[in-house]
$ cat input-v9.cif   # mmCIF, C-alpha atoms
data_target
loop_
_atom_site.label_atom_id
_atom_site.label_comp_id
_atom_site.auth_asym_id
_atom_site.auth_seq_id
_atom_site.Cartn_x
_atom_site.Cartn_y
_atom_site.Cartn_z
CA MET A 22 80.83 100.87 88.37
CA THR A 23 80.19 99.69 91.93
CA PRO A 24 79.86 95.88 92.09
CA GLN A 25 76.93 94.24 93.84
CA ALA A 26 79.23 92.15 96.00
CA SER A 27 82.78 91.95 97.24
CA VAL A 28 84.23 88.55 98.11
CA ILE A 29 86.59 88.94 101.07
CA VAL A 30 89.52 86.51 101.27
CA PRO A 31 92.17 86.57 104.02
CA THR A 32 95.26 84.52 103.20
CA HIS A 33 98.54 83.43 104.72
CA ASN A 34 100.99 81.12 102.94
CA LYS A 35 98.47 79.10 100.92
CA ARG A 36 99.51 80.24 97.46
CA GLU A 37 98.60 77.11 95.49
CA ARG A 38 95.16 76.72 97.07
CA LEU A 39 94.53 80.46 96.79
CA VAL A 40 95.34 80.55 93.07
CA LEU A 41 93.11 77.55 92.36
CA MET A 42 90.26 79.11 94.33
CA LEU A 43 90.59 82.47 92.55
CA GLU A 44 90.61 80.80 89.14
CA THR A 45 87.37 78.98 89.97
CA PHE A 46 85.61 82.29 90.64
CA ALA A 47 85.75 82.76 86.85
CA HIS A 48 82.89 80.23 86.70
CA GLN A 49 80.40 82.31 88.69
CA ALA A 50 76.94 82.63 87.17
CA VAL A 51 76.92 86.42 87.62
CA PRO A 52 79.66 88.88 86.59
CA ASP A 53 78.88 91.71 89.00
CA PHE A 54 81.37 91.11 91.80
CA GLU A 55 84.96 91.67 92.84
CA VAL A 56 87.34 89.60 94.94
CA VAL A 57 89.48 91.38 97.52
CA VAL A 58 92.41 89.35 98.87
CA CYS A 59 94.25 90.51 101.96
CA ASP A 60 97.69 88.98 102.26
CA ASP A 61 98.38 88.55 105.97
CA GLY A 62 102.17 88.47 105.86
CA SER A 63 102.69 85.60 103.41
CA THR A 64 106.23 84.58 102.50
CA ASP A 65 105.46 81.98 99.80
CA GLY A 66 105.20 84.15 96.69
CA THR A 67 101.52 84.99 97.09
CA ALA A 68 101.96 88.62 95.97
CA GLU A 69 103.78 87.65 92.78
CA ALA A 70 101.23 84.94 91.95
CA LEU A 71 98.31 87.36 92.31
CA ALA A 72 100.07 90.01 90.22
CA SER A 73 100.24 87.49 87.38
CA LEU A 74 96.68 86.30 87.89
CA GLU A 75 95.06 89.76 87.93
CA ALA A 76 95.03 90.13 84.14
CA GLU A 77 93.77 86.58 83.57
CA VAL A 78 90.54 86.51 85.59
CA PRO A 79 87.28 88.02 84.25
CA TYR A 80 86.45 89.90 87.44
CA ARG A 81 88.09 92.70 89.40
CA LEU A 82 90.80 91.21 91.62
CA VAL A 83 92.09 93.49 94.37
CA TYR A 84 95.23 92.75 96.38
CA VAL A 85 95.90 94.40 99.73
CA SER A 86 98.44 93.47 102.37
CA GLY A 87 99.55 94.33 105.84
CA PRO A 88 101.64 93.11 108.76
CA ARG A 89 100.80 89.68 110.14
CA GLY A 90 97.77 90.19 112.36
CA GLY A 91 95.54 87.18 111.89
CA ALA A 92 92.39 86.41 109.93
CA GLY A 93 90.22 89.00 111.67
CA ALA A 94 92.60 91.84 110.93
CA ALA A 95 92.99 90.68 107.33
CA ARG A 96 89.22 90.57 106.81
CA ASN A 97 88.90 94.09 108.18
CA ARG A 98 91.60 95.40 105.83
CA ALA A 99 89.98 93.69 102.84
CA ALA A 100 86.52 94.98 103.79
CA ALA A 101 87.90 98.53 103.99
CA ALA A 102 89.18 98.19 100.42
CA ALA A 103 85.99 96.58 99.09
CA ARG A 104 83.38 98.46 97.04
CA GLY A 105 80.43 96.07 97.03
CA ASP A 106 77.16 96.57 98.89
CA VAL A 107 77.30 92.93 100.06
CA LEU A 108 80.40 91.44 101.69
CA ILE A 109 80.89 87.70 101.16
CA PHE A 110 83.52 85.97 103.28
CA ASN A 111 85.30 83.05 101.64
CA ASP A 112 88.51 81.47 102.88
CA ASP A 113 91.58 81.03 100.68
CA ASP A 114 90.97 77.29 100.29
CA MET A 115 87.20 77.33 99.59
CA VAL A 116 86.06 76.69 96.00
CA PRO A 117 82.67 78.27 95.18
CA ALA A 118 79.78 76.68 93.30
CA PRO A 119 78.56 78.72 90.28
CA GLY A 120 75.72 80.37 92.18
CA PHE A 121 77.74 81.17 95.29
CA VAL A 122 77.78 84.95 94.85
CA ALA A 123 74.26 85.25 93.44
CA ARG A 124 72.61 83.23 96.20
CA HIS A 125 74.31 85.21 98.96
CA VAL A 126 73.34 88.50 97.30
CA GLU A 127 69.73 87.33 97.10
CA ALA A 128 69.71 86.34 100.77
CA CYS A 129 71.10 89.70 101.86
CA ALA A 130 68.64 91.57 99.65
CA ALA A 131 65.76 89.71 101.31
CA GLY A 132 66.75 90.64 104.86
CA ASP A 133 69.32 92.10 107.23
CA VAL A 134 70.95 88.73 107.96
CA LEU A 135 74.17 86.77 108.22
CA SER A 136 73.75 84.47 105.24
CA ARG A 137 75.46 81.22 106.21
CA GLY A 138 76.13 78.97 103.21
CA GLU A 139 76.64 75.23 102.87
CA ARG A 140 80.19 73.88 103.00
CA TRP A 141 81.39 70.70 101.33
CA ALA A 142 84.92 69.28 101.37
CA VAL A 143 87.49 67.52 99.21
CA PRO A 144 89.32 64.84 101.26
CA VAL A 145 92.88 65.76 102.13
CA ASP A 146 94.40 62.88 100.15
CA VAL A 147 92.60 63.97 96.96
CA VAL A 148 93.47 67.69 97.04
CA PRO A 149 97.10 67.44 95.76
CA SER A 150 95.88 66.08 92.41
CA PHE A 151 94.22 69.45 91.70
CA LEU A 152 96.97 71.84 92.79
CA GLY A 153 99.13 73.50 90.15
CA ARG A 154 96.58 72.85 87.38
CA ARG A 155 94.62 75.50 85.51
CA ALA A 156 91.06 75.65 86.85
CA ASP A 157 89.27 75.41 83.52
CA ALA A 158 85.71 74.09 83.24
CA ALA A 159 86.86 70.48 83.19
CA LEU A 160 88.97 70.76 86.33
CA TYR A 161 86.25 72.78 88.06
CA ALA A 162 83.77 69.96 87.47
CA GLU A 163 86.35 67.39 88.56
CA VAL A 164 86.96 69.18 91.86
CA TRP A 165 83.24 69.35 92.62
CA SER A 166 82.74 65.70 91.66
CA SER A 167 85.12 64.89 94.55
CA ALA A 168 83.08 66.87 97.09
CA ARG A 169 81.98 65.12 100.27
CA MET A 170 79.78 66.26 103.15
CA THR A 171 81.56 66.16 106.51
CA VAL A 172 79.93 64.90 109.68
CA ALA A 173 80.63 68.28 111.28
CA GLU A 174 78.93 70.32 108.56
CA LYS A 175 75.94 67.96 108.39
CA TRP A 176 75.40 68.49 112.12
CA THR A 177 75.58 72.26 111.67
CA LEU A 178 73.12 72.28 108.78
CA ASP A 179 70.68 70.12 110.73
CA ALA A 180 70.91 72.38 113.78
CA LEU A 181 70.27 75.58 111.81
CA ALA A 182 67.44 74.03 109.81
CA ALA A 183 65.73 72.64 112.91
CA SER A 184 66.04 75.83 115.00
CA PRO A 185 66.44 78.81 112.65
CA ASP A 186 65.65 81.33 115.40
CA HIS A 187 67.46 79.69 118.29
CA HIS A 188 69.05 82.14 120.70
CA TYR A 189 72.47 80.46 120.36
CA ARG A 190 72.56 80.18 116.57
CA PHE A 191 75.47 82.64 116.51
CA LEU A 192 77.62 79.67 117.55
CA GLN A 193 77.31 78.42 113.95
CA THR A 194 78.95 81.55 112.49
CA CYS A 195 81.57 80.39 110.01
CA THR A 196 83.50 82.96 107.99
CA SER A 197 84.58 80.48 105.31
CA ASN A 198 81.08 80.86 103.84
CA LEU A 199 79.22 83.88 105.18
CA ALA A 200 77.70 87.10 103.81
CA LEU A 201 76.03 90.27 105.02
CA ARG A 202 75.30 93.79 103.87
CA ARG A 203 78.20 96.24 104.09
CA SER A 204 76.03 98.54 106.21
CA SER A 205 75.45 95.67 108.66
CA PHE A 206 79.18 94.88 108.83
CA GLU A 207 79.91 98.49 109.69
CA ARG A 208 77.15 98.57 112.29
CA VAL A 209 78.49 95.43 113.96
CA GLY A 210 81.96 96.95 113.96
CA GLY A 211 84.00 94.43 111.99
CA PHE A 212 86.13 91.70 113.51
CA ASP A 213 87.83 91.92 116.89
CA GLU A 214 91.54 91.85 116.03
CA SER A 215 92.66 90.94 119.55
CA PHE A 216 92.41 87.22 118.71
CA GLY A 217 95.61 87.59 116.74
CA THR A 218 97.15 84.91 114.55
CA ARG A 219 95.84 81.84 116.38
CA TRP A 220 92.98 79.89 114.81
CA GLY A 221 89.48 80.15 116.17
CA ALA A 222 86.72 82.10 117.93
CA GLU A 223 86.97 85.45 116.12
CA ASP A 224 84.11 84.41 113.83
CA THR A 225 81.95 83.26 116.77
CA GLU A 226 82.58 86.59 118.51
CA PHE A 227 81.59 88.48 115.37
CA GLY A 228 78.43 86.38 115.04
CA TYR A 229 77.49 87.10 118.65
CA ARG A 230 77.78 90.87 118.20
CA ALA A 231 75.93 90.63 114.89
CA GLN A 232 73.03 88.83 116.54
CA LEU A 233 72.89 91.46 119.29
CA ALA A 234 72.74 94.10 116.53
CA GLY A 235 69.77 92.36 114.93
CA VAL A 236 71.75 90.60 112.19
CA GLY A 237 71.06 86.94 112.90
CA ILE A 238 72.19 83.86 110.99
CA ARG A 239 70.01 82.51 108.22
CA LEU A 240 70.90 79.31 106.40
CA THR A 241 71.41 79.69 102.63
CA THR A 242 72.06 76.14 101.45
CA ALA A 243 72.14 77.13 97.77
CA ALA A 244 75.29 79.21 98.43
CA LYS A 245 77.70 76.30 98.35
CA ASN A 246 81.46 76.10 98.47
CA LEU A 247 83.92 73.34 99.26
CA HIS A 248 87.01 73.11 101.41
CA LEU A 249 90.31 71.92 99.95
CA GLU A 250 91.20 69.98 103.10
CA HIS A 251 94.77 70.31 104.38
CA SER A 252 94.67 68.73 107.82
CA THR A 253 94.35 65.16 109.06
CA ASP A 254 93.76 66.20 112.67
CA SER A 255 90.53 68.08 113.40
CA GLY A 256 91.41 68.39 117.07
CA ALA A 257 94.79 70.07 116.62
CA LYS A 258 93.35 73.45 115.74
CA PHE A 259 91.12 73.45 118.84
CA THR A 260 94.12 72.58 120.99
CA LYS A 261 96.20 75.38 119.44
CA GLY A 262 93.29 77.81 119.51
CA LEU A 263 92.15 77.14 123.08
CA GLU A 264 93.42 80.51 124.29
CA ASN A 265 91.24 82.22 121.70
CA PHE A 266 88.15 80.52 123.11
CA ARG A 267 89.15 81.62 126.59
CA ARG A 268 89.59 85.13 125.21
CA LEU A 269 86.06 84.90 123.82
CA ALA A 270 84.70 84.19 127.29
CA GLU A 271 86.67 87.10 128.74
CA ILE A 272 85.21 89.53 126.20
CA HIS A 273 81.62 88.37 126.71
CA PRO A 274 81.16 87.08 130.28
CA GLU A 275 77.46 87.92 130.00
CA SER A 276 76.78 85.12 127.47
CA LYS A 277 75.82 81.76 128.94
CA GLY A 278 76.11 80.20 125.48
CA ILE A 279 79.71 81.34 125.08
CA LYS A 280 80.58 80.25 128.62
CA THR A 281 79.19 76.76 127.95
CA LEU A 282 81.00 76.53 124.60
CA VAL A 283 84.34 77.44 126.13
CA LYS A 284 83.94 74.99 129.00
CA TYR A 285 83.09 72.26 126.50
CA VAL A 286 86.17 73.04 124.37
CA GLU A 287 88.40 73.11 127.45
CA MET A 288 87.08 69.76 128.64
CA ALA A 289 87.49 68.15 125.21
CA VAL A 290 91.07 69.37 124.86
CA GLU A 291 92.03 68.34 128.41
CA ARG A 292 90.58 64.84 127.92
CA GLY A 293 92.12 64.33 124.49
CA HIS A 294 88.81 64.39 122.60
CA ALA A 295 89.24 67.66 120.70
CA ALA A 296 88.85 65.92 117.33
CA GLU A 297 85.23 65.19 118.20
CA LEU A 298 84.39 68.90 118.47
CA PHE A 299 84.27 69.36 114.70
CA ASP A 300 84.95 66.17 112.75
CA GLU A 301 86.14 67.14 109.28
CA GLN A 302 87.76 63.78 108.47
CA SER A 303 84.55 61.71 108.56
CA PHE A 304 81.89 61.94 105.87
CA VAL A 305 78.21 61.17 105.48
CA ASP A 306 76.86 59.18 102.56
CA TRP A 307 75.75 62.07 100.38
CA THR A 308 76.27 62.24 96.61
CA SER A 309 78.47 65.08 95.39
CA PRO A 310 76.26 68.02 94.33
CA ASP A 311 75.68 68.70 90.65
CA ILE A 312 77.15 72.19 90.49
CA LEU A 313 75.23 73.03 87.32
CA SER A 314 72.07 72.81 89.40
CA PHE A 315 73.24 75.69 91.59
CA SER A 316 73.86 78.40 89.02
#

$ encode --input "input-v9.cif" --output "structure tokens"
Amino acid sequence: MTPQASVIVPTHNKRERLVLMLETFAHQAVPDFEVVVCDDGSTDGTAEALASLEAEVPYRLVYVSGPRGGAGAARNRAAAAARGDVLIFNDDDMVPAPGFVARHVEACAAGDVLSRGERWAVPVDVVPSFLGRRADAALYAEVWSSARMTVAEKWTLDALAASPDHHYRFLQTCTSNLALRRSSFERVGGFDESFGTRWGAEDTEFGYRAQLAGVGIRLTTAAKNLHLEHSTDSGAKFTKGLENFRRLAEIHPESKGIKTLVKYVEMAVERGHAAELFDEQSFVDWTSPDILSFS
């Protein structure tokens, strides 16, 4: 039977976080989905771990692999192997709330959109206490009770809520919590694989082409997941990924929004303020969500 949705997960050398995340998908409120993991050249025992996990989870778990090509290439390979009518993108360190799949499916059924969910985070110093443990109901609740809202995500949510039809909303495309119809993904043309293995910009580029194709971002706050933080330096990834942002400007010189973004990233990196571009180490004073309310 064809599932309603396929969750697409690219991964590279994050075995412990990946296994925890996959176990938590057992707590979804709806059973009609599959998870397709594309292993992008991992060397940490990811393949063996997933082979053991396949028989233990209550959903269809699909493993595909390929040569190291980066997140965009991995997402394309996973999407090609997926069977669902809705594709939901979730990173290998993002734990879903119980209604994650259902809320994205509802959003995509209501319109030809990029459903952009709400992302919470577990502080980096708390994450190790969860790794290596079975993600039963008790641990699942414990992980979510540690969830915090980052300054960066709060800013993004406010921007999308205030200007849902803004011309530059594609800049908020984030493939750690994003969904669209398979037919829309194929019409947009998938991810540009030329960004390679460096972090950054391939999701923004995809969002730009999606918006041009009439598939604009819509905020779906009820589709929540949370990031198992692994970095203490928000600016480092922008510094390492600067060439990807420059590549983005080369591909789309016609976009004033992209040109401004890239100039801003360049200036922040050059002046040593890259950490301020997307602050994931500072949190706002929000109470952790009650995950049972989002089933």

$ resolve_selection --input "input-v9.cif" --expression "the PyMOL selection byres ((chain A and resi 119) around 12)" --output "PyMOL selection string"
chain A and resi 45-52+116-118+120-125+158+161-162+165+243-247+310-316

$ residues_around --input "input-v9.cif" --residues "A:Ala234" --least-positions-apart "3" --cutoff "7 Å" --atoms "only C-alpha atoms" --output "PyMOL selection string"
chain A and resi 209+230-231

$ closest_atom_pairs --input "input-v9.cif" --of "stretch 89-161 of chain A" --to "stretch 214-222 of chain A" --cutoff "6 Å" --atoms "all atoms listed in the file" --output "Markdown table"
| residue | atom | partner | partner_atom | distance |
| --- | --- | --- | --- | --- |
| A:Gly90 | CA | A:Gly217 | CA | 5.5 |
| A:Gly91 | CA | A:Thr218 | CA | 3.8 |
| A:Gly93 | CA | A:Glu214 | CA | 5.4 |
| A:Ala94 | CA | A:Glu214 | CA | 5.2 |

$ closest_residue --input "input-v9.cif" --among "A:Pro31, A:Gly132, A:Pro149, A:Gly278" --to "A:Ala92" --atoms "all atoms listed in the file"
A:Pro31

$ resolve_selection --input "input-v9.cif" --expression "the PyMOL selection byres ((chain A and resi 74) around 12)" --output "ChimeraX atom specification"
/A:36,39-44,47,67-73,75-84,155

$ resolve_selection --input "input-v9.cif" --expression "the PyMOL selection byres ((chain A and resi 191) around 7)" --output "JSON, numbers by chain"
{"A": [189, 190, 192, 193, 194, 225, 228, 229, 232, 238]}

$ write_last_selection --input "input-v9.cif" --atoms "C-alpha atoms" --output "compact mmCIF listing (two decimals), in the coordinates of the input"
# COMPACT_ATOMS: atom_id res chain seq x y z
CA TYR A 189 72.47 80.46 120.36
CA ARG A 190 72.56 80.18 116.57
CA LEU A 192 77.62 79.67 117.55
CA GLN A 193 77.31 78.42 113.95
CA THR A 194 78.95 81.55 112.49
CA THR A 225 81.95 83.26 116.77
CA GLY A 228 78.43 86.38 115.04
CA TYR A 229 77.49 87.10 118.65
CA GLN A 232 73.03 88.83 116.54
CA ILE A 238 72.19 83.86 110.99

$ closest_residue --input "input-v9.cif" --among "A:Glu37, A:Val107, A:Glu264, A:Val286" --to "A:Ala156" --atoms "only C-alpha atoms"
A:Glu37

$ atom_distance --input "input-v9.cif" --atom1 "atom CA of A:Gly105" --atom2 "atom CA of A:Ala130"
12.9 Å

$ atom_distance --input "input-v9.cif" --atom1 "atom CA of A:Leu298" --atom2 "atom CA of A:Lys258"
10.4 Å

$ decode --input "input-v9.cif" --residues "stretch 177-275 of chain A" --atoms "C-alpha atoms" --output "JSON list (two decimals), in the first residue's frame"
[["chain", "number", "residue", "atom", "x", "y", "z"],
["A", 177, "THR", "CA", 11.90, 33.31, 11.76],
["A", 178, "LEU", "CA", 8.46, 32.41, 13.10],
["A", 179, "ASP", "CA", 7.67, 36.06, 13.76],
["A", 180, "ALA", "CA", 8.77, 37.06, 10.25],
["A", 181, "LEU", "CA", 6.66, 34.40, 8.53],
["A", 182, "ALA", "CA", 3.63, 35.09, 10.71],
["A", 183, "ALA", "CA", 3.82, 38.85, 10.16],
["A", 184, "SER", "CA", 4.35, 38.67, 6.38],
["A", 185, "PRO", "CA", 3.03, 35.33, 5.10],
["A", 186, "ASP", "CA", 3.03, 36.49, 1.47],
["A", 187, "HIS", "CA", 6.25, 38.48, 1.47],
["A", 188, "HIS", "CA", 8.20, 38.27, -1.78],
["A", 189, "TYR", "CA", 11.37, 37.16, 0.04],
["A", 190, "ARG", "CA", 9.81, 34.51, 2.28],
["A", 191, "PHE", "CA", 11.79, 31.84, 0.41],
["A", 192, "LEU", "CA", 14.75, 32.97, 2.53],
["A", 193, "GLN", "CA", 13.13, 31.12, 5.45],
["A", 194, "THR", "CA", 13.25, 27.75, 3.66],
["A", 195, "CYS", "CA", 14.66, 25.22, 6.11],
["A", 196, "THR", "CA", 14.88, 21.57, 5.11],
["A", 197, "SER", "CA", 15.14, 20.30, 8.69],
["A", 198, "ASN", "CA", 11.36, 20.76, 8.91],
["A", 199, "LEU", "CA", 9.71, 21.19, 5.52],
["A", 200, "ALA", "CA", 7.10, 19.39, 3.41],
["A", 201, "LEU", "CA", 5.52, 19.55, -0.02],
["A", 202, "ARG", "CA", 3.63, 17.37, -2.46],
["A", 203, "ARG", "CA", 5.73, 14.92, -4.47],
["A", 204, "SER", "CA", 4.31, 16.41, -7.67],
["A", 205, "SER", "CA", 5.51, 19.86, -6.55],
["A", 206, "PHE", "CA", 8.99, 18.54, -5.73],
["A", 207, "GLU", "CA", 9.25, 17.05, -9.20],
["A", 208, "ARG", "CA", 8.00, 20.24, -10.81],
["A", 209, "VAL", "CA", 10.57, 22.33, -8.93],
["A", 210, "GLY", "CA", 13.28, 19.88, -10.00],
["A", 211, "GLY", "CA", 14.69, 18.68, -6.70],
["A", 212, "PHE", "CA", 17.80, 20.05, -5.04],
["A", 213, "ASP", "CA", 20.74, 21.55, -6.89],
["A", 214, "GLU", "CA", 23.59, 19.15, -6.14],
["A", 215, "SER", "CA", 26.34, 21.59, -7.13],
["A", 216, "PHE", "CA", 26.52, 22.90, -3.55],
["A", 217, "GLY", "CA", 28.35, 19.72, -2.63],
["A", 218, "THR", "CA", 29.26, 18.68, 0.90],
["A", 219, "ARG", "CA", 29.60, 22.14, 2.46],
["A", 220, "TRP", "CA", 26.82, 23.34, 4.75],
["A", 221, "GLY", "CA", 24.34, 25.92, 3.59],
["A", 222, "ALA", "CA", 22.31, 27.61, 0.84],
["A", 223, "GLU", "CA", 21.01, 24.55, -1.05],
["A", 224, "ASP", "CA", 17.72, 24.80, 0.86],
["A", 225, "THR", "CA", 17.41, 28.54, 0.16],
["A", 226, "GLU", "CA", 18.03, 27.88, -3.54],
["A", 227, "PHE", "CA", 15.36, 25.18, -3.57],
["A", 228, "GLY", "CA", 12.91, 27.52, -1.82],
["A", 229, "TYR", "CA", 13.56, 30.24, -4.38],
["A", 230, "ARG", "CA", 12.82, 27.95, -7.32],
["A", 231, "ALA", "CA", 9.78, 26.57, -5.51],
["A", 232, "GLN", "CA", 8.38, 30.06, -5.02],
["A", 233, "LEU", "CA", 8.94, 30.85, -8.71],
["A", 234, "ALA", "CA", 7.02, 27.65, -9.51],
["A", 235, "GLY", "CA", 4.08, 28.79, -7.39],
["A", 236, "VAL", "CA", 4.95, 26.68, -4.33],
["A", 237, "GLY", "CA", 5.44, 29.31, -1.64],
["A", 238, "ILE", "CA", 6.21, 28.86, 2.05],
["A", 239, "ARG", "CA", 3.36, 28.58, 4.51],
["A", 240, "LEU", "CA", 3.99, 28.37, 8.24],
["A", 241, "THR", "CA", 2.66, 25.20, 9.92],
["A", 242, "THR", "CA", 3.45, 25.75, 13.60],
["A", 243, "ALA", "CA", 1.66, 22.56, 14.69],
["A", 244, "ALA", "CA", 4.26, 20.49, 12.78],
["A", 245, "LYS", "CA", 6.93, 20.65, 15.44],
["A", 246, "ASN", "CA", 10.29, 19.00, 15.79],
["A", 247, "LEU", "CA", 13.36, 19.69, 17.88],
["A", 248, "HIS", "CA", 17.06, 19.84, 17.15],
["A", 249, "LEU", "CA", 19.52, 17.75, 19.13],
["A", 250, "GLU", "CA", 22.12, 20.53, 19.19],
["A", 251, "HIS", "CA", 25.72, 19.54, 18.46],
["A", 252, "SER", "CA", 27.51, 22.85, 18.00],
["A", 253, "THR", "CA", 28.54, 25.63, 20.36],
["A", 254, "ASP", "CA", 29.43, 28.03, 17.55],
["A", 255, "SER", "CA", 26.55, 29.23, 15.37],
["A", 256, "GLY", "CA", 28.89, 31.31, 13.24],
["A", 257, "ALA", "CA", 31.28, 28.52, 12.26],
["A", 258, "LYS", "CA", 28.91, 26.95, 9.76],
["A", 259, "PHE", "CA", 28.37, 30.29, 7.99],
["A", 260, "THR", "CA", 32.12, 30.79, 7.80],
["A", 261, "LYS", "CA", 32.64, 27.30, 6.36],
["A", 262, "GLY", "CA", 29.63, 27.60, 4.08],
["A", 263, "LEU", "CA", 30.38, 31.07, 2.71],
["A", 264, "GLU", "CA", 31.32, 29.69, -0.71],
["A", 265, "ASN", "CA", 27.91, 28.06, -0.95],
["A", 266, "PHE", "CA", 26.21, 31.42, -0.44],
["A", 267, "ARG", "CA", 28.41, 32.92, -3.13],
["A", 268, "ARG", "CA", 27.43, 30.00, -5.36],
["A", 269, "LEU", "CA", 23.79, 30.84, -4.67],
["A", 270, "ALA", "CA", 24.31, 34.37, -5.97],
["A", 271, "GLU", "CA", 26.06, 33.05, -9.07],
["A", 272, "ILE", "CA", 23.14, 30.74, -9.90],
["A", 273, "HIS", "CA", 20.49, 33.44, -9.41],
["A", 274, "PRO", "CA", 21.97, 36.87, -10.21],
["A", 275, "GLU", "CA", 18.45, 38.08, -11.02]]
